[in-house]
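Novice: Following this message is one structure expressed as structure tokens.
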Amino acid sequence: MSEPHDELVTLWTSGSEVDRTAALAHVRGCAACQAAAPKLGVAIDALEGGTVGRVPEAAPSGGVERVLARARSGRLAYFTAQVAALFDLSTEDAATLLARAERNEDWEEGPAPGVLLMTVNAGPKVPEALTALVKLSSGATFPLHPHFGPERVLVLEGGYRDSTGVEVWRGEVQDMAPGTEHDFVAFDGIGCVCASVNALMPA
């Protein structure tokens with residue numbers, strides 16, 4: 001890879017601990033990435049602080065350091081607040097759940113080849129529902145299933161295409177109404193990790 005941003009893409013998207021370590025080493029030792037620190041600081045401040053469209057008086061420093069710190073905190077940790085809200089968990093419990101997922105702990109064989117599940121004990125605001133993290137390897141299919149109540153899926157990594165033709169990518173949510181059904185296939189080359197709430201009764 002010849003461009004600094006290519007290494008950062010690898011840093012954010014790689015599922016391999018070896019690749020991520022190599023990418024971190026590159027960013028720490030690359031003069032071009034270090035020179036990009038002020039711009040990285042502006043970008044991160046815009047994303048984290050809602051400063052898009054506002055020109056700061058001075059470019060914040062430490063952009064590279066903040067990228068590295070966020071990477072060390074885990075690639076799924078970015079979604080802690082959304083996962084906490086989806087499953088009615090505390091922020092601490094959601095962070096622990098996502099850390100377990102990244103460490104490949106507690107995954108169980110799912111309903112089809114290449115599909116893993118991690119059951120989630122959701123809070124009281126999510127009653128009468130199947131709640132889980134779902135992990136699909138590249139090209140794996142989650143089988144056709146009905147929705148007796150509403151289903152909400154938040155994609156945490158990668159993405160998928162469902163049988164209705166809808167594509168859902170990292171950070172996006174798919175809502176399915178009661179009485180519908182679908183299956184979905186993880187994108188080739190990147191797979192998918194998502195958080196799912198499938199209600200067992202109509203809302």
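Chains: A, B, ... in order of the structure tokens. Residues: from 1 per chain. Ligands: from 1, in order shown.
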DSSP on the backbone: which residues in stretch 53-167 of chain A end up as strand (DSSP E or B)? Give the answer as a VMD selection string.

Specialist: chain A and resid 108 to 109 115 to 119 129 to 136 141 to 146 151 to 162 167

Novice: Residues near stretch 129-142 of chain A, anyone? I mean within 10 Å using only C-alpha atoms, not counting same-chain ones fewer than 3 positions away, as number ranges by chain.

Specialist: A: 83, 86-87, 97-98, 101, 107-122, 126, 145, 148-162, 182-201

Novice: Using only C-alpha atoms for the distances, tell me which of A:Thr96, A:Glu128, A:Ser163, A:Pro146 is nearest to A:Ala177.

Specialist: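 Result for the nearest residue to A:Ala177: A:Pro146.
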
Novice: Between atom CA of A:Thr80 and atom CA of A:Asp93, what is the distance, to one decimal in Å?

Specialist: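 So the answer is 9.0 Å.
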
Novice: Once DSSP has gone over the backbone, tell me which residues of stretch 89-156 of chain A are in helix (DSSP H, G or I), as a list in words.

Specialist: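 Taking stretch 89-156 of chain A and keeping helix (DSSP H, G or I) only, one gets Thr91, Glu92, Asp93, Ala94, Ala95, Thr96, Leu97, Leu98, Ala99, Arg100, Ala101 and Glu102 of chain A.
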